[in-house]
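Below is one structure; the comments refer to it alone.
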Amino acid sequence: MIRLGHVLPIVEIPDVKTAVRSWCLRCWKICEPGPRLDNIRNGKQGGCGHCGGKRRLPDSVARERARAWGYVPDPNIPYTSDANKWPGRCLAKNHYCDPVLNSHKRQGPCAACAANGFKPHLPALLYLVTKAELVAAKIGICEDSPRNRRLYEHRRNGWTTIETMRFAVGSDARKVEDIIVRSWRSRLLAPVLDNGYGYNGYTETVSLQELRISEIWSEVCAATDQVMAGAK
């Protein structure tokens, strides 16, 4: 299932005709009930319903949907799937944005134009938190403002703040976060579930049984140097 469907089973596979709850190795969302091995083998089913198979659109249709949502994708970057970031410019103020199409029912395409939430053009904080109960570390970004309650909410949910790093603009913090999470997944370091289920922000976690805190923060610092060097 890993080679043909690009999904990692979470549970034991009883037989080829049973749908298997899995992680997608592309978008790292949980596939539930999940694909069947026989359908993956004969090409009747993609591994992940979030980013594969029937969820894909023709490029022209995807561009029409993006424009109707409120932004124009870069003409030189082809559409890949509804779960992948697709850079472009918002129609309202021509801001750079890189939304995913499957978010169109929940929010607008441009973070800079949004009334609430993370603003890529404003100062930001990148943080590393851990949760002993899950033996997990989580990387995240939030607005660097006294009004921001993200770390407070994490503390309420049992997470401990280990490290923070300030950025002049949020877009740089987001690039660092993306580099770190992509690095984890490329090494098949899976997100940490809570009793087999996902939770808010679980896609940015990694097991502390796989990486030490010092290793994670060293990777963050190296990624930051990479991003800031490219910004000069």
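Just so we're on the same page: first chain in the structure tokens is A, next is B, and so on; residues restart at 1 for each chain, and ligands are numbered from 1 in the order they show up.
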Please produce, as JSON lines, a per-residue contact table for segment 154-229 of chain A versus segment 4-19 of chain A (criterion: any atom at most 12 Å away, only C-alpha atoms considered), showing the nearest atom pair and its distance in Å to one decimal, sorted by chain then residue number.
{"residue": "A:Arg185", "atom": "CA", "partner": "A:Leu8", "partner_atom": "CA", "distance": 11.6}
{"residue": "A:Leu188", "atom": "CA", "partner": "A:Leu8", "partner_atom": "CA", "distance": 9.5}
{"residue": "A:Leu189", "atom": "CA", "partner": "A:Leu8", "partner_atom": "CA", "distance": 11.2}
{"residue": "A:Ala190", "atom": "CA", "partner": "A:Leu8", "partner_atom": "CA", "distance": 9.2}
{"residue": "A:Pro191", "atom": "CA", "partner": "A:Ile10", "partner_atom": "CA", "distance": 11.3}
{"residue": "A:Val192", "atom": "CA", "partner": "A:Ile10", "partner_atom": "CA", "distance": 11.3}
{"residue": "A:Leu193", "atom": "CA", "partner": "A:Ile10", "partner_atom": "CA", "distance": 10.0}
{"residue": "A:Asn195", "atom": "CA", "partner": "A:Ile10", "partner_atom": "CA", "distance": 11.3}
{"residue": "A:Gly196", "atom": "CA", "partner": "A:Ile10", "partner_atom": "CA", "distance": 7.9}
{"residue": "A:Tyr197", "atom": "CA", "partner": "A:Ile10", "partner_atom": "CA", "distance": 10.1}
{"residue": "A:Gly198", "atom": "CA", "partner": "A:Ile10", "partner_atom": "CA", "distance": 11.8}
Identify which of the residues A:Glu210, A:Thr203, A:Pro78, A:Val169 lies closest to Cys24 of chain A, counting only C-alpha atoms when measuring atom-to-atom distances.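 Closest residue, counting only C-alpha atoms: A:Thr203.
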Pick from A:Arg166, A:Arg156, A:Pro99, A:Asp172: nearest to Ala229 of chain A, with only C-alpha atoms counted?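 Of A:Arg166, A:Arg156, A:Pro99, A:Asp172, the one nearest Ala229 of chain A, counting only C-alpha atoms, is A:Asp172.
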Counting only C-alpha atoms, what is within 8 Å of Ile179 of chain A, bar same-chain residues fewer than 4 positions away, as a PyMOL selection string? chain A and resi 175+183+223
Residue contacts of Ser207 of chain A (12 Å, only C-alpha atoms) excluding same-chain residues fewer than 5 positions away, as a list in words: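 Returned residues: Val129, Thr130, Lys131, Ala132, Glu133, Leu134, Val135, Ala136, Ala137, Lys138, Ile139, Trp184, Arg185, Leu188, Leu189, Ala190, Pro191, Val192, Leu193, Asp194, Tyr202, Arg212, Ile213 and Ile216 of chain A.
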Determine which residues of segment 93-179 of chain A receive a DSSP assignment of strand (DSSP E or B), computed from the backbone, and state them as a list in words.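 So the strand (DSSP E or B) residues in segment 93-179 of chain A would be Tyr96, Cys97, Ala124, Leu125, Leu126, Tyr127, Leu128, Val129, Thr130, Lys131, Ala136, Ala137, Lys138, Ile139, Gly140, Ile141, Cys142, Glu143, Thr160, Thr161, Ile162, Glu163, Thr164, Met165, Arg166 and Phe167 of chain A.
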Would you kindly return, as a PyMOL selection string, each protein, DNA or RNA residue with an atom no farther than 12 Å from any atom of Ser60 of chain A, considering only C-alpha atoms and excluding same-chain residues fewer than 6 positions away? chain A and resi 66-67+72-73+75+78-80
Within 12 Å of Pro109 of chain A using only C-alpha atoms, minus same-chain residues under 4 positions, as a PyMOL selection string: chain A and resi 65-73+85-105+113-114
Could you take the residues named above and write them with C-alpha atoms, as an mmCIF file, in the first residue's frame?
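Generated output (part-v3.cif):
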data_model
loop_
_atom_site.group_PDB
_atom_site.id
_atom_site.type_symbol
_atom_site.label_atom_id
_atom_site.label_comp_id
_atom_site.auth_asym_id
_atom_site.auth_seq_id
_atom_site.Cartn_x
_atom_site.Cartn_y
_atom_site.Cartn_z
ATOM 1 C CA ARG A 65 -12.818 27.273 -9.078
ATOM 2 C CA ALA A 66 -9.863 29.232 -7.689
ATOM 3 C CA ARG A 67 -10.997 32.448 -9.406
ATOM 4 C CA ALA A 68 -14.532 31.984 -8.101
ATOM 5 C CA TRP A 69 -13.036 31.556 -4.616
ATOM 6 C CA GLY A 70 -11.119 34.829 -4.929
ATOM 7 C CA TYR A 71 -7.620 34.291 -6.288
ATOM 8 C CA VAL A 72 -5.733 33.632 -9.526
ATOM 9 C CA PRO A 73 -3.188 30.777 -9.442
ATOM 10 C CA LYS A 85 -0.686 24.470 -1.957
ATOM 11 C CA TRP A 86 -1.161 26.364 -5.238
ATOM 12 C CA PRO A 87 0.537 29.794 -5.262
ATOM 13 C CA GLY A 88 -1.078 32.814 -6.849
ATOM 14 C CA ARG A 89 -2.440 36.313 -6.195
ATOM 15 C CA CYS A 90 -5.658 37.267 -4.441
ATOM 16 C CA LEU A 91 -8.185 39.238 -6.490
ATOM 17 C CA ALA A 92 -8.980 41.686 -3.698
ATOM 18 C CA LYS A 93 -5.559 43.278 -3.162
ATOM 19 C CA ASN A 94 -3.136 41.280 -5.338
ATOM 20 C CA HIS A 95 -1.459 39.733 -2.278
ATOM 21 C CA TYR A 96 0.686 36.658 -2.789
ATOM 22 C CA CYS A 97 -1.123 33.598 -1.374
ATOM 23 C CA ASP A 98 -0.714 29.822 -1.538
ATOM 24 C CA PRO A 99 -3.986 28.205 -0.425
ATOM 25 C CA VAL A 100 -5.218 24.667 -0.987
ATOM 26 C CA LEU A 101 -8.476 24.318 -2.909
ATOM 27 C CA ASN A 102 -10.068 21.944 -0.424
ATOM 28 C CA SER A 103 -10.184 24.846 2.077
ATOM 29 C CA HIS A 104 -12.588 26.913 -0.053
ATOM 30 C CA LYS A 105 -15.618 26.077 2.096
ATOM 31 C CA CYS A 113 -6.822 39.708 3.684
ATOM 32 C CA ALA A 114 -8.426 37.578 6.407
#
In Å to one decimal, how far is atom CA of Tyr127 of chain A from atom CA of Leu151 of chain A? 8.5 Å
Interatomic distance between atom CA of Thr224 of chain A and atom CA of Ser171 of chain A?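 Calculated distance between atom CA of Thr224 of chain A and atom CA of Ser171 of chain A is 11.8 Å.
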Neighbour list for Pro123 of chain A as a CSV table (one decimal) with C-alpha atoms, in the first residue's frame, cut-off 6 Å, only C-alpha atoms, skip fewer than 5 positions in-chain:
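Saved to part_28.csv:
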chain,number,residue,atom,x,y,z
A,144,ASP,CA,3.8,37.7,17.4
A,167,PHE,CA,10.4,36.5,12.6
A,168,ALA,CA,9.9,40.0,11.1
A,169,VAL,CA,7.4,38.6,8.7
A,170,GLY,CA,5.2,35.6,9.0
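Compared by their closest atoms to Ala111 of chain A, and using only C-alpha atoms, the residues A:Thr161, A:Asn148, A:Val20, A:Glu143 rank with A:Glu143 nearest.
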One decimal place gives the atom CA of Met165 of chain A-atom CA of Trp217 of chain A separation as 10.2 Å
